[in-house]
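Q: File follows, target.txt with compact mmCIF, C-alpha atoms:
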# COMPACT_ATOMS: atom_id res chain seq x y z
CA MET A 192 64.67 33.22 19.69
CA GLN A 193 65.03 33.83 15.96
CA GLY A 194 65.87 30.66 14.04
CA ALA A 195 65.40 28.37 17.02
CA ASN A 196 64.07 24.92 16.18
CA GLY A 197 64.40 22.91 19.40
CA PRO A 198 65.93 19.48 20.02
CA LEU A 199 62.82 17.66 18.75
CA SER A 200 62.74 19.48 15.42
CA GLY A 201 61.61 17.04 12.72
CA ILE A 202 59.67 14.80 15.12
CA ARG A 203 56.00 14.44 14.21
CA VAL A 204 53.50 13.91 17.03
CA LEU A 205 49.83 13.14 16.54
CA GLU A 206 47.75 14.38 19.50
CA ILE A 207 44.29 12.87 19.94
CA GLU A 208 42.50 15.69 21.74
CA SER A 209 41.86 15.10 25.45
CA ILE A 210 41.96 17.06 28.69
CA GLY A 211 44.55 17.52 31.45
CA PRO A 212 47.82 15.67 31.01
CA GLY A 213 47.50 14.90 27.29
CA PRO A 214 47.51 18.54 26.16
CA PHE A 215 50.32 19.29 28.62
CA THR A 216 52.46 16.51 27.12
CA ALA A 217 51.77 17.90 23.64
CA MET A 218 52.69 21.41 24.76
CA VAL A 219 55.98 20.21 26.26
CA LEU A 220 56.92 18.33 23.07
CA ALA A 221 55.91 21.31 20.91
CA ASP A 222 58.03 23.55 23.14
CA MET A 223 60.96 21.28 22.28
CA GLY A 224 60.35 21.77 18.57
CA ALA A 225 58.17 18.77 17.69
CA ASN A 226 55.61 19.18 14.92
CA VAL A 227 52.39 18.45 16.85
CA LEU A 228 49.17 17.93 14.93
CA ARG A 229 46.00 17.78 17.02
CA ILE A 230 42.99 15.68 16.04
CA ARG A 231 39.83 17.35 17.31
CA ARG A 232 36.52 15.57 17.69
CA PRO A 233 33.50 17.30 16.09
CA ALA A 234 31.74 17.71 19.44
CA ALA A 235 34.78 19.47 20.88
CA ALA A 236 35.73 21.51 17.82
CA GLN A 237 34.09 24.65 19.20
CA ARG A 238 35.75 24.34 22.62
CA ARG A 239 37.53 27.51 23.63
CA LEU A 240 41.27 26.93 23.41
CA ASN A 241 43.65 27.57 26.30
CA PRO A 242 46.12 30.06 24.79
CA VAL A 243 49.01 28.73 26.89
CA LEU A 244 48.32 25.00 27.22
CA ASP A 245 47.38 24.71 23.54
CA ARG A 246 50.35 26.67 22.20
CA GLY A 247 52.93 25.47 19.74
CA ARG A 248 50.87 23.01 17.73
CA ALA A 249 51.39 23.00 14.00
CA GLY A 250 47.59 23.12 13.87
CA SER A 251 44.55 20.90 14.19
CA ILE A 252 42.07 19.06 12.02
CA THR A 253 38.66 17.66 12.91
CA ALA A 254 37.86 13.97 12.54
CA ASP A 255 34.91 11.87 13.69
CA LEU A 256 36.75 8.97 15.32
CA LYS A 257 33.55 6.92 15.46
CA SER A 258 33.24 6.91 11.67
CA GLU A 259 35.16 4.78 9.19
CA ALA A 260 36.27 7.91 7.32
CA GLY A 261 37.55 9.51 10.50
CA ARG A 262 39.40 6.36 11.52
CA ASP A 263 41.00 6.06 8.09
CA GLN A 264 42.01 9.72 8.24
CA VAL A 265 43.79 9.22 11.56
CA LEU A 266 45.48 6.00 10.42
CA ALA A 267 46.81 7.79 7.33
CA LEU A 268 48.40 10.34 9.65
CA VAL A 269 49.68 7.60 11.96
CA ALA A 270 51.64 6.23 9.01
CA GLN A 271 53.57 9.53 8.92
CA ALA A 272 53.93 10.07 12.68
CA ASP A 273 56.77 9.38 15.06
CA ALA A 274 54.57 9.43 18.17
CA LEU A 275 50.93 9.53 19.21
CA ILE A 276 49.34 10.88 22.40
CA GLU A 277 45.97 9.69 23.73
CA GLY A 278 44.28 10.13 27.11
CA PHE A 279 41.06 8.10 27.03
CA ARG A 280 39.92 5.44 29.49
CA PRO A 281 41.40 1.98 28.88
CA GLY A 282 39.84 0.27 25.87
CA VAL A 283 38.37 3.35 24.17
CA MET A 284 41.01 3.65 21.44
CA GLU A 285 40.79 -0.09 20.78
CA ARG A 286 37.01 0.15 20.33
CA LEU A 287 37.54 3.02 17.88
CA GLY A 288 39.90 0.86 15.84
CA LEU A 289 42.84 3.10 16.75
CA GLY A 290 44.52 1.02 19.45
CA PRO A 291 48.22 0.14 19.40
CA ASP A 292 47.81 -2.97 17.23
CA ALA A 293 45.94 -1.09 14.50
CA CYS A 294 48.44 1.76 14.60
CA PHE A 295 51.51 -0.49 14.62
CA ALA A 296 50.11 -2.27 11.55
CA ARG A 297 50.39 1.10 9.76
CA ASN A 298 53.65 2.21 11.37
CA SER A 299 55.81 -0.26 13.29
CA ARG A 300 58.15 2.53 14.47
CA LEU A 301 55.36 4.51 16.16
CA VAL A 302 55.74 5.45 19.82
CA TYR A 303 52.22 5.14 21.21
CA GLY A 304 51.90 7.32 24.32
CA ARG A 305 48.86 6.89 26.52
CA VAL A 306 47.99 8.43 29.87
CA THR A 307 45.28 7.44 32.34
CA GLY A 308 44.52 8.25 35.95
CA TRP A 309 44.25 4.87 37.65
CA GLY A 310 46.28 2.94 35.08
CA ARG A 311 45.27 0.37 32.50
CA SER A 312 44.66 -2.46 34.96
CA GLY A 313 43.35 -2.95 38.47
CA PRO A 314 39.92 -2.60 40.11
CA LEU A 315 39.67 1.16 39.48
CA ALA A 316 40.89 1.17 35.88
CA GLN A 317 37.46 1.78 34.35
CA THR A 318 36.15 4.27 36.91
CA ALA A 319 36.15 8.05 36.70
CA GLY A 320 38.54 10.16 38.72
CA HIS A 321 40.58 13.33 38.74
CA ASP A 322 43.98 14.51 39.93
CA ILE A 323 42.91 14.80 43.58
CA ASN A 324 41.79 11.15 43.60
CA TYR A 325 44.92 9.80 41.96
CA ILE A 326 47.30 11.58 44.31
CA ALA A 327 45.11 10.51 47.24
CA ILE A 328 45.91 6.80 46.87
CA SER A 329 49.60 7.38 46.04
CA GLY A 330 50.40 8.74 49.51
CA ALA A 331 51.10 12.20 48.12
CA LEU A 332 47.98 14.10 49.19
CA HIS A 333 48.10 12.81 52.78
CA SER A 334 51.59 14.25 53.09
CA MET A 335 50.62 17.80 52.07
CA GLY A 336 49.38 20.33 54.59
CA THR A 337 49.74 20.72 58.33
CA ALA A 338 48.16 19.14 61.39
CA GLU A 339 45.78 22.09 61.54
CA SER A 340 44.90 22.29 57.84
CA GLY A 341 44.55 18.62 57.01
CA PRO A 342 45.48 17.49 53.48
CA VAL A 343 45.77 20.45 51.09
CA PRO A 344 45.32 19.80 47.34
CA PRO A 345 48.32 21.22 45.43
CA LEU A 346 46.13 22.41 42.54
CA ASN A 347 46.35 19.65 39.89
CA LEU A 348 50.11 19.91 39.51
CA VAL A 349 51.16 16.56 40.99
CA GLY A 350 48.81 14.15 39.22
CA ASP A 351 47.79 15.77 35.94
CA TYR A 352 50.92 17.66 35.02
CA GLY A 353 53.91 16.32 36.97
CA GLY A 354 53.01 12.66 37.45
CA GLY A 355 50.98 12.45 34.24
CA GLY A 356 51.85 14.84 31.43
CA LEU A 357 55.50 15.48 32.18
CA LEU A 358 56.36 11.83 32.77
CA LEU A 359 54.50 10.85 29.61
CA ALA A 360 56.62 13.37 27.71
CA LEU A 361 59.76 11.84 29.21
CA GLY A 362 58.52 8.37 28.33
CA ILE A 363 57.78 9.34 24.73
CA VAL A 364 61.19 10.95 24.24
CA SER A 365 62.88 7.90 25.81
CA ALA A 366 60.96 5.55 23.53
CA LEU A 367 61.82 7.69 20.49
CA LEU A 368 65.49 7.41 21.41
CA GLU A 369 65.20 3.63 21.70
CA SER A 370 63.25 3.42 18.44
CA SER A 371 66.02 5.27 16.63
CA ARG A 372 68.29 2.34 17.55
CA SER A 373 65.92 -0.63 17.25
CA GLY A 374 63.62 0.56 14.47
CA GLN A 375 60.64 -0.59 16.52
CA GLY A 376 57.94 1.38 18.30
CA GLN A 377 56.23 0.57 21.59
CA VAL A 378 53.49 1.66 23.98
CA VAL A 379 54.33 4.17 26.70
CA ASP A 380 51.87 3.58 29.55
CA ALA A 381 51.70 6.56 31.94
CA ALA A 382 49.33 6.41 34.92
CA MET A 383 48.92 9.41 37.17
CA VAL A 384 48.81 7.18 40.27
CA ASP A 385 52.19 5.73 39.25
CA GLY A 386 53.60 9.14 38.44
CA ALA A 387 52.45 10.77 41.68
CA ALA A 388 53.96 7.87 43.63
CA MET A 389 57.22 8.25 41.71
CA LEU A 390 57.38 11.94 42.57
CA MET A 391 57.13 10.83 46.21
CA ALA A 392 60.19 8.56 45.88
CA PRO A 393 62.54 10.78 47.96
CA LEU A 394 60.00 11.02 50.78
CA TYR A 395 59.25 7.30 50.76
CA GLY A 396 63.01 6.93 51.15
CA VAL A 397 63.04 9.32 54.12
CA LYS A 398 60.14 7.40 55.66
CA SER A 399 61.97 4.09 55.26
CA VAL A 400 64.75 5.26 57.58
CA GLY A 401 62.41 6.73 60.18
CA GLY A 402 62.63 10.34 59.05
CA TRP A 403 58.94 11.00 58.34
CA ALA A 404 56.11 11.24 60.87
CA ALA A 405 52.92 9.35 60.10
CA GLU A 406 50.82 12.46 60.59
CA ARG A 407 51.27 15.98 59.26
CA ALA A 408 53.18 17.34 62.25
CA GLY A 409 56.89 17.90 62.76
CA ASN A 410 57.93 16.91 59.23
CA LEU A 411 60.61 19.03 57.70
CA LEU A 412 58.97 19.91 54.38
CA ASP A 413 55.21 19.84 55.03
CA GLY A 414 54.85 23.28 56.58
CA SER A 415 54.97 22.04 60.17
CA CYS A 416 58.57 23.15 60.61
CA TRP A 417 59.00 26.75 61.84
CA TYR A 418 61.88 27.37 59.44
CA TYR A 419 60.22 25.82 56.38
CA THR A 420 56.82 27.44 56.14
CA VAL A 421 55.01 30.66 55.25
CA TYR A 422 54.39 33.76 57.34
CA ARG A 423 51.84 36.53 56.96
CA CYS A 424 53.06 40.12 56.55
CA GLN A 425 51.03 43.30 56.85
CA ASP A 426 49.94 43.01 53.23
CA GLY A 427 50.79 39.53 52.01
CA TRP A 428 52.89 36.44 52.65
CA VAL A 429 56.53 35.36 52.54
CA SER A 430 58.08 31.92 52.17
CA VAL A 431 60.78 30.95 54.66
CA GLY A 432 63.04 27.95 54.08
CA PRO A 433 66.54 28.09 55.67
CA LEU A 434 66.97 24.37 56.28
CA GLU A 435 70.68 24.72 57.10
CA PRO A 436 71.68 26.18 60.50
CA GLU A 437 74.03 28.73 58.94
CA PHE A 438 71.16 30.05 56.80
CA ARG A 439 68.80 30.11 59.80
CA ARG A 440 71.34 32.25 61.61
CA ILE A 441 71.18 34.82 58.81
CA LEU A 442 67.38 34.74 58.94
CA LEU A 443 67.27 35.32 62.68
CA GLU A 444 69.88 38.06 62.61
CA ARG A 445 68.01 39.92 59.86
CA LEU A 446 64.86 39.64 61.93
CA GLY A 447 66.65 41.55 64.68
CA LEU A 448 66.56 38.75 67.24
CA GLY A 449 70.06 39.58 68.56
CA ASP A 450 70.88 37.54 71.68
CA GLU A 451 68.17 34.97 70.86
CA VAL A 452 69.92 33.79 67.70
CA ASP A 453 72.16 31.17 69.33
CA THR A 454 69.19 29.65 71.13
CA LEU A 455 66.72 29.74 68.24
CA VAL A 456 69.02 28.56 65.47
CA HIS A 457 69.04 25.06 66.96
CA ALA A 458 65.41 24.99 68.11
CA SER A 459 63.65 21.81 67.02
CA ALA A 460 61.65 21.90 63.81
CA GLY A 461 58.31 21.39 65.55
CA ASP A 462 58.90 23.82 68.43
CA PRO A 463 55.88 26.21 68.47
CA ALA A 464 57.76 29.02 70.26
CA PRO A 465 59.98 30.10 67.32
CA ARG A 466 57.00 29.96 64.95
CA ALA A 467 54.99 32.29 67.21
CA ARG A 468 57.98 34.60 67.62
CA LEU A 469 58.57 34.85 63.86
CA ALA A 470 54.86 35.22 63.10
CA THR A 471 54.71 38.32 65.29
CA ILE A 472 57.80 39.85 63.72
CA PHE A 473 56.80 39.20 60.10
CA ALA A 474 53.35 40.64 60.75
CA SER A 475 54.92 43.94 61.78
CA ARG A 476 56.15 44.94 58.30
CA THR A 477 55.01 44.89 54.69
CA ARG A 478 56.10 42.28 52.21
CA ALA A 479 58.13 44.87 50.30
CA GLU A 480 59.97 45.84 53.47
CA TRP A 481 60.89 42.24 54.18
CA SER A 482 61.97 41.76 50.59
CA ALA A 483 64.38 44.69 50.96
CA ILE A 484 65.72 43.33 54.27
CA PHE A 485 66.46 39.86 52.88
CA GLU A 486 67.48 40.86 49.34
CA GLY A 487 70.78 39.28 48.34
CA THR A 488 71.17 37.19 51.52
CA ASP A 489 71.23 33.42 52.10
CA ALA A 490 68.31 33.59 54.53
CA CYS A 491 66.13 31.68 52.04
CA VAL A 492 63.22 34.12 52.20
CA ALA A 493 61.11 35.00 49.15
CA SER A 494 57.88 36.91 48.70
CA ILE A 495 54.86 34.84 47.71
CA LEU A 496 53.68 36.39 44.47
CA SER A 497 50.39 36.05 42.64
CA MET A 498 50.26 35.20 38.94
CA ASP A 499 49.65 38.90 38.32
CA GLU A 500 52.78 39.87 40.27
CA ALA A 501 55.22 37.12 39.27
CA PRO A 502 56.13 38.48 35.79
CA SER A 503 57.48 41.68 37.39
CA HIS A 504 59.98 39.99 39.71
CA PRO A 505 63.58 40.90 38.71
CA GLN A 506 64.73 37.26 38.66
CA VAL A 507 61.78 36.23 36.49
CA GLN A 508 62.39 39.19 34.18
CA ASP A 509 66.13 38.52 33.89
CA ARG A 510 65.53 34.95 32.70
CA ASP A 511 62.40 35.85 30.73
CA THR A 512 60.70 33.06 32.67
CA LEU A 513 57.26 34.55 32.13
CA ARG A 514 56.89 36.35 28.83
CA LEU A 515 54.07 38.28 27.17
CA ILE A 516 53.02 36.82 23.80
CA ASP A 517 50.06 38.31 21.95
CA GLY A 518 48.85 39.85 25.20
CA VAL A 519 48.99 36.59 27.17
CA VAL A 520 51.54 35.68 29.86
CA HIS A 521 53.31 32.43 28.96
CA PRO A 522 55.74 30.41 31.06
CA ALA A 523 58.85 30.03 28.92
CA PRO A 524 59.71 26.55 27.61
CA ALA A 525 61.88 24.63 30.05
CA PRO A 526 64.50 23.30 30.27
CA ARG A 527 66.71 25.36 27.95
CA PHE A 528 69.21 24.10 25.39
CA SER A 529 72.49 25.73 24.38
CA ARG A 530 72.82 24.44 20.80
CA THR A 531 69.22 23.72 19.81
CA PRO A 532 67.22 26.41 21.61
CA ASN A 533 63.48 26.07 21.97
CA PRO A 534 61.28 27.83 19.43
CA GLU A 535 59.25 30.79 20.66
CA PRO A 536 55.80 29.58 21.77
CA LYS A 537 53.10 30.72 19.37
CA PRO A 538 49.56 29.80 18.39
CA ALA A 539 48.92 27.53 15.40
CA CYS A 540 48.29 29.35 12.12
CA ASN A 541 48.53 26.69 9.41
CA THR A 542 45.55 25.67 7.28
CA ARG A 543 44.29 22.11 7.04
CA ASP A 544 45.77 21.57 3.57
CA GLU A 545 49.13 22.99 4.68
CA LEU A 546 49.17 20.64 7.67
CA LEU A 547 48.33 17.57 5.61
CA GLY A 548 50.90 18.57 3.01
CA VAL A 549 53.67 18.81 5.60
CA TRP A 550 52.62 15.40 6.92
CA GLY A 551 52.76 13.87 3.43
CA CYS A 552 48.98 13.53 3.11
CA ASN A 553 46.40 15.38 1.01
CA ALA A 554 42.67 15.93 1.07
CA HIS A 555 42.10 13.25 -1.60
CA GLN A 556 43.89 10.63 0.49
CA GLN A 557 41.68 11.57 3.43
Please go through the file and, once you have read it, give me the structure as structure tokens.

A:
Amino acid sequence: MQGANGPLSGIRVLEIESIGPGPFTAMVLADMGANVLRIRRPAAAQRRLNPVLDRGRAGSITADLKSEAGRDQVLALVAQADALIEGFRPGVMERLGLGPDACFARNSRLVYGRVTGWGRSGPLAQTAGHDINYIAISGALHSMGTAESGPVPPLNLVGDYGGGGLLLALGIVSALLESSRSGQGQVVDAAMVDGAAMLMAPLYGVKSVGGWAAERAGNLLDGSCWYYTVYRCQDGWVSVGPLEPEFRRILLERLGLGDEVDTLVHASAGDPAPRARLATIFASRTRAEWSAIFEGTDACVASILSMDEAPSHPQVQDRDTLRLIDGVVHPAPAPRFSRTPNPEPKPACNTRDELLGVWGCNAHQQ
């Protein structure tokens, strides 16, 4: 949108280059209008950028964090920053001379955001891991999949991006709000184990009142339920999710089940008979045919689209949810703001001197 600046316009964020949740946090803050400057390490300076995940930065500069000159360069930028993002193992930034104490000595208002997998304490804190490991010990991975499939990894959405990057972004914005009142910065400690467990809060609540089976069978939202699952069509798949009886009735009527509707609408979630019945019916038509049958109804049926297909869906097009920028499909910034709309995502184009000038630094100071 022309002239859009975003609600974080004027906020300066220093991103110490990392992988996974750190870049996602930086992207989210840049999508909200923050001026994000990335510090790249020399060894990673030639890494191929991700045109979506790396969007929106003001630009990047290279600094050897293991050298005194590189450390001084980063600390000079810290003095001008509102927030910092880092995603190393516990203790690495301290050994580089860029830990919270060193940064707060330069800028007491700094919000120091850090994300790890296992957290900054505990027996696993110093060991390697990835999203699948972090969500494994949080209870999340065990709960995903069916009795037949076993646990099914949900890409790296739950640990890296939801429980890690997105919650770190929320934590940084919350700490910036508090800092605007107190005048003091603080450390935001985001662990993907913690975040994945937090995302499971509603289901831990259901479990506490006896509403969740210990194994992946018969649970309402794990794919074991015949009316909350996926079905194969002649040429693809559809998602089916009419949790409410009145919506199930619409589903069954549209499937042409006639006199069976009253019986099936109240069939138990784990009953295999309705699943088999629906599987046969859905397999008899194409995905496009089913889309036309359920279009505009409350049956809670939607085609399962690939990333190639999703941008063409009318709902996605109407909201411009997936937009083409410089030949690349980008998810639009979310959420959206009425008075301070998000800036249009774009690649960085500023030079090093321009970046340092905006940040109140110059090459001589570096």

Q: Neighbours of Glu406 (chain A) within 12 Å (only C-alpha atoms; same-chain residues fewer than 5 positions away dropped), as a PyMOL selection string?

A: chain A and resi 330+332-342+398+413+415

Q: Could you turn the residues from that selection into a file that holds C-alpha atoms, as a short mmCIF file (atom, residue, chain, number, x, y, z; two decimals), keeping the file's coordinate frame?

A:
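Dumped everything to out39.cif:
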data_model
loop_
_atom_site.label_atom_id
_atom_site.label_comp_id
_atom_site.auth_asym_id
_atom_site.auth_seq_id
_atom_site.Cartn_x
_atom_site.Cartn_y
_atom_site.Cartn_z
CA GLY A 330 50.40 8.74 49.51
CA LEU A 332 47.98 14.10 49.19
CA HIS A 333 48.10 12.81 52.78
CA SER A 334 51.59 14.25 53.09
CA MET A 335 50.62 17.80 52.07
CA GLY A 336 49.38 20.33 54.59
CA THR A 337 49.74 20.72 58.33
CA ALA A 338 48.16 19.14 61.39
CA GLU A 339 45.78 22.09 61.54
CA SER A 340 44.90 22.29 57.84
CA GLY A 341 44.55 18.62 57.01
CA PRO A 342 45.48 17.49 53.48
CA LYS A 398 60.14 7.40 55.66
CA ASP A 413 55.21 19.84 55.03
CA SER A 415 54.97 22.04 60.17
#

Q: Using all atoms listed in the file, find the one residue out of A:Ala490, A:Ala523, A:Ala458, A:Ala272 that sits nearest to Pro502 (chain A).

A: A:Ala523

Q: Neighbours of Phe528 (chain A) within 10 Å (only C-alpha atoms; same-chain residues fewer than 2 positions away dropped), as a PyMOL selection string?

A: chain A and resi 197-198+223+525-526+530-533

Q: Keeping C-alpha atoms for every residue in the selection just given, could you write it to a file as a compact mmCIF listing (two decimals), in the coordinates of the input?

A:
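Below you can see selection_25.txt, which holds the result:
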# COMPACT_ATOMS: atom_id res chain seq x y z
CA GLY A 197 64.40 22.91 19.40
CA PRO A 198 65.93 19.48 20.02
CA MET A 223 60.96 21.28 22.28
CA ALA A 525 61.88 24.63 30.05
CA PRO A 526 64.50 23.30 30.27
CA ARG A 530 72.82 24.44 20.80
CA THR A 531 69.22 23.72 19.81
CA PRO A 532 67.22 26.41 21.61
CA ASN A 533 63.48 26.07 21.97

Q: With the cut-off set at 12 Å and counting all atoms listed in the file, tabulate each residue of region 257-322 of chain A with an atom at most that distance from an atom of region 380-396 of chain A, showing the nearest atom pair and its distance in Å to one decimal, ordered by chain and increasing number, as CSV.

A:
residue,atom,partner,partner_atom,distance
A:Leu275,CA,A:Asp380,CA,12.0
A:Ile276,CA,A:Asp380,CA,10.5
A:Glu277,CA,A:Asp380,CA,10.3
A:Gly278,CA,A:Ala381,CA,9.5
A:Phe279,CA,A:Ala382,CA,11.6
A:Arg280,CA,A:Ala382,CA,10.9
A:Pro281,CA,A:Asp380,CA,10.6
A:Pro291,CA,A:Asp380,CA,11.3
A:Val302,CA,A:Asp380,CA,10.6
A:Tyr303,CA,A:Asp380,CA,8.5
A:Gly304,CA,A:Asp380,CA,6.4
A:Arg305,CA,A:Asp380,CA,5.4
A:Val306,CA,A:Ala381,CA,4.6
A:Thr307,CA,A:Ala382,CA,4.9
A:Gly308,CA,A:Met383,CA,4.7
A:Trp309,CA,A:Val384,CA,5.7
A:Gly310,CA,A:Ala382,CA,4.6
A:Arg311,CA,A:Ala382,CA,7.7
A:Ser312,CA,A:Ala382,CA,10.0
A:Gly313,CA,A:Val384,CA,11.6
A:Leu315,CA,A:Val384,CA,11.0
A:Ala316,CA,A:Ala382,CA,10.0
A:Gly320,CA,A:Met383,CA,10.5
A:His321,CA,A:Met383,CA,9.3
A:Asp322,CA,A:Met383,CA,7.6

Q: Using only C-alpha atoms, pick whichever of A:Gly290, A:Gly362, A:Gly402, A:Pro214 has the shortest atom-to-atom distance to Leu240 (chain A).

A: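 Result for the nearest residue to Leu240 (chain A): A:Pro214.
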
Q: Hey, what's within 12 Å of Leu368 (chain A) if we count only C-alpha atoms and toss same-chain stuff fewer than 3 positions away? As a PyMOL selection string, please?

A: chain A and resi 199+202+273-274+300-302+361-365+371-377

Q: Taking only N, CA and C atoms, show region 464-475 of chain A of the given structure as a short mmCIF file (atom, residue, chain, number, x, y, z; two decimals), in the first residue's frame.

A:
data_model
loop_
_atom_site.label_atom_id
_atom_site.label_comp_id
_atom_site.auth_asym_id
_atom_site.auth_seq_id
_atom_site.Cartn_x
_atom_site.Cartn_y
_atom_site.Cartn_z
N ALA A 464 -17.40 -46.65 10.73
CA ALA A 464 -18.38 -46.82 9.65
C ALA A 464 -18.62 -45.53 8.87
N PRO A 465 -18.87 -44.38 9.52
CA PRO A 465 -19.04 -43.15 8.75
C PRO A 465 -17.80 -42.77 7.94
N ARG A 466 -16.62 -43.00 8.52
CA ARG A 466 -15.39 -42.68 7.79
C ARG A 466 -15.31 -43.49 6.50
N ALA A 467 -15.59 -44.78 6.58
CA ALA A 467 -15.55 -45.63 5.39
C ALA A 467 -16.60 -45.20 4.37
N ARG A 468 -17.78 -44.84 4.87
CA ARG A 468 -18.87 -44.41 3.98
C ARG A 468 -18.47 -43.15 3.24
N LEU A 469 -17.93 -42.16 3.97
CA LEU A 469 -17.54 -40.90 3.35
C LEU A 469 -16.35 -41.07 2.42
N ALA A 470 -15.42 -41.95 2.79
CA ALA A 470 -14.25 -42.17 1.95
C ALA A 470 -14.66 -42.67 0.57
N THR A 471 -15.63 -43.57 0.54
CA THR A 471 -16.11 -44.10 -0.74
C THR A 471 -16.77 -43.01 -1.58
N ILE A 472 -17.58 -42.19 -0.93
CA ILE A 472 -18.29 -41.14 -1.65
C ILE A 472 -17.33 -40.09 -2.19
N PHE A 473 -16.41 -39.60 -1.35
CA PHE A 473 -15.48 -38.57 -1.81
C PHE A 473 -14.60 -39.07 -2.95
N ALA A 474 -14.27 -40.35 -2.92
CA ALA A 474 -13.41 -40.92 -3.96
C ALA A 474 -14.10 -41.01 -5.31
N SER A 475 -15.40 -40.78 -5.33
CA SER A 475 -16.17 -40.95 -6.57
C SER A 475 -16.17 -39.71 -7.46
#
